[in-house]
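Right, one structure below, let's go through it.
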Amino acid sequence: MVIRRVLAPRIDFGALRRELDLPTAFPPAAQDEAERATSVPPPDLDRTDLPLVTVDPPTSRDLDQAVCLARRSGGGYRVHYAIADVVPFVRPGGPLEAETWRRGQTIYLPDGKVPLHPPVLSEDAASLLPDVVRPAVLWTIDLDADATITDVDVRRARVRSRAKLDYAGVQADVDAGTAPEPIALLPEIGALLVERGLDRGAVNLPLPEQEIEPHGDGWRLVLRPPRLIEDYNAQISLLTGMAAAGIMLAGRIGLLRTMPAPRAEAIERLRVAAAGLGVDWPAELAVGRMLAAVDPGDPRGAAFLDQAAELMRGAGYTAFDGETPEDPGHGGVAAPYAHVTAPLRRLADRYATEVCLALHEGRPVPDWLRAALPKMPELMTSTDRVASAADRGAIDLVEAVLLQDRVGEEFDAAVVDVDAPPKPPASAAGSGDAPAGSGSAAAGSGSAAAGSGSAPAGSGNAGRKVRRPGGRIAIDEPPVRARCEGELPLGERIRVRLVAADPATRKVLFERA
């Protein structure tokens with residue numbers, strides 16, 4: 001699949017920021033605390049000998065992770081993974097901690113981020129920038145020849161990154177066989193970790209990403225397939241998260257990232273969808289391996305992967321203290337897992353990391369940390385919703401701006417999802433007990449549902465606007481996904497007509513031509 005870019009004019013994302021009530025400047029007390037904290041002394045343990053490097057998008061300065069990979073003399077591998085150490089900069093109970101709780105995580109928008117921490121920390125004093133000594137939490141994870149964990153160590157240390165690398169450059173170096181020594185083993189270890197995940201039953205959706213990039217005075221909407229090196233780099237983060245989860249479960253206190261395993265009935269529905277799409281799914285092939293084999297550039301493959309999103313529902317955070325969770329696993333990872341590798345950008349990582357350090361060192365978990373854990377799941381769920389709304393809202397806005405002058409034009413498109421059949425109206429035959437919200441009297445109100453007037457009890461659709469049949473389509477050029485009305489054949493290519501593109505409401509609508 002090739003990268004596709006389409007230019008959009010200058011766009012004001014201010015309305016989206018206001019709609020989501022995103023914070024602006026840090027309160028003076030929080031900013032002052034951050035500026036005073038920049039001179040904290042580094043940890044005693046000196047690991048500046050490690051040739052660590054960071055791999056991030058080229059413009060990033062909030063660098064959470066640095067990696068160095070090596071072979072072990074007795075066989076297997078050693079993973080050094082340095083994570084930015086935030087706790088020395090943020091005093092428990094102080095104004096900066098309070099402000100980070102209000103924000104929860106960094107929110108990314110095309111015209112600038114809303115950072116979790118003041119940039120004086122997140123893009124400078126606490127960031128693992130190259131050629132400067134920084135405090136870090138250093139994970140050392142030993143693997144056997146099959147990339148199974150054999151030993152884990154975690155401790156504070158001062159480190160120095162050797163270079164700031166980016167994904168495109170690393171992928172090019174790997175393809176040319178010239179990857180820098182600290183990450184030369186990343187394709188080898190990454191591929192083994194992917195295989196171990198598939199053995200466990202891990203599930204990943206290799207969908208191309210819609211991204212918005214600055215371009216001159218405007219923006220580019222980009223549809224980009226995932227690079228192999230990004231997947232391999234993510235495997236190191238997943239490995240560390242699984243190691244962290246193991247420490248916390250053994251210590252019976254912590255914060256996990258959890259998600260139910262795919263339900264058997266959902267997998268069966270996906271098999272039915274595969275048959276309808278003409279996607280060959282051998283009976284013996286597990287769902288994770290099937291998804292890994294699908295070509296997202298093929299319309300039927302894209303539709304199949306879109307249907308598979310149903311498997312990845314219910315992600316959240318689970319805090320525990322004393323009793324371990326009944327189901328501590330993450331269905332996508334197919335193992336217990338925790339967020340510990342992005343503390344500059346995500347609040348939960350700071351607290352989960354501190355639990356791991358305390359447990360590994362054999363000291364009590366601090367009271368301030370123990371008190372914070374139960375509050376974390378609700379906070380992170382709330383801020384995750386804001387981050388998702390910001391990401392989707394920005395893309396919706398760019399799509400509407402791109403298409404606003406093309407209403408009436410026809411496009412080639414692939415049908416990636418279709419609406420479920422409408423549910424039949426509830427029967428009113430002599431029951432008198434229509435369920436709440438069914439269109440009869442509102443529960444407990446004793447009066448007819450608003451606007452229904454004399455609508456018969458149990459009619460179900462009285463006074464409701466009936467939604468036209470349709471689904472979601474993917475346009476080739478520009479790379480847009482949007483709703484389309486009409487009878488749509490799932491997984492097929494069709495011609496569609498643009499009937500609405502409104503930047504004010506961020507709505508785009510097509511109909512079958």
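Starting from 1 in every chain, residues are counted up; chains themselves are A, B, ... following the order of the structure tokens, and ligands are numbered from 1 as listed.
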Name the residues of region 33-113 of chain A that fall into alpha helix (DSSP H) according to DSSP on the backbone, using the chain letters and numbers of this document, as a ChimeraX atom specification.
-> /A:33-37,95-103
Find the residues near region 476-486 of chain A: any atom within 6 Å, counting only C-alpha atoms, skip ones fewer than 4 places away on the same chain, and give them as an NGL selection string.
-> :A and (6 or 469-472 or 509-512)
Using only C-alpha atoms, which of the listed residues (A:Ala292, A:Pro110, A:Ala389, A:Tyr351) sits closest to Gly218 (chain A)?
->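 Of A:Ala292, A:Pro110, A:Ala389, A:Tyr351, the one nearest Gly218 (chain A), counting only C-alpha atoms, is A:Pro110.
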Spatial neighbours of Leu128 (chain A), 10 Å, only C-alpha atoms, chain gap at least 4 places, as a list of chain:residue names =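 Counting only C-alpha atoms, the residues come to A:Leu52, A:Val53, A:Thr54, A:Arg61, A:Asp62, A:Leu63, A:Asp64, A:Gln65, A:Ala66, A:Ala82, A:Ile83, A:Ala84, A:Asp85, A:Ser122, A:Glu123, A:Asp124, A:Val132, A:Val133, A:Arg134, A:Pro135, A:Ala136, A:Val159, A:Arg160, A:Ser161, A:Arg162, A:Ala163, A:Lys164.
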By how many Å are CA of Leu490 (chain A) and CA of Ala414 (chain A) apart?
->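 Answer for the CA of Leu490 (chain A) to CA of Ala414 (chain A) separation: 8.2 Å.
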Which residues, written as a VMD selection string, have at least one atom at most 10 Å from region 367-371 of chain A, with only C-alpha atoms counted and residues fewer than 6 positions away on the same chain left out?
-> chain A and resid 92 to 93 253 to 254 319 to 321 350 to 352 354 to 355
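Using only C-alpha atoms, the smallest distance between any of A:Met376, A:Leu305, A:Leu270, A:Ala334 and Leu255 (chain A) comes from A:Met376.
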Spatial neighbours of Met290 (chain A), 12 Å, only C-alpha atoms, chain gap at least 3 places, as number ranges by chain = A: 198, 201-206, 267, 270-271, 274, 279-287, 293-295, 301, 304-305, 308
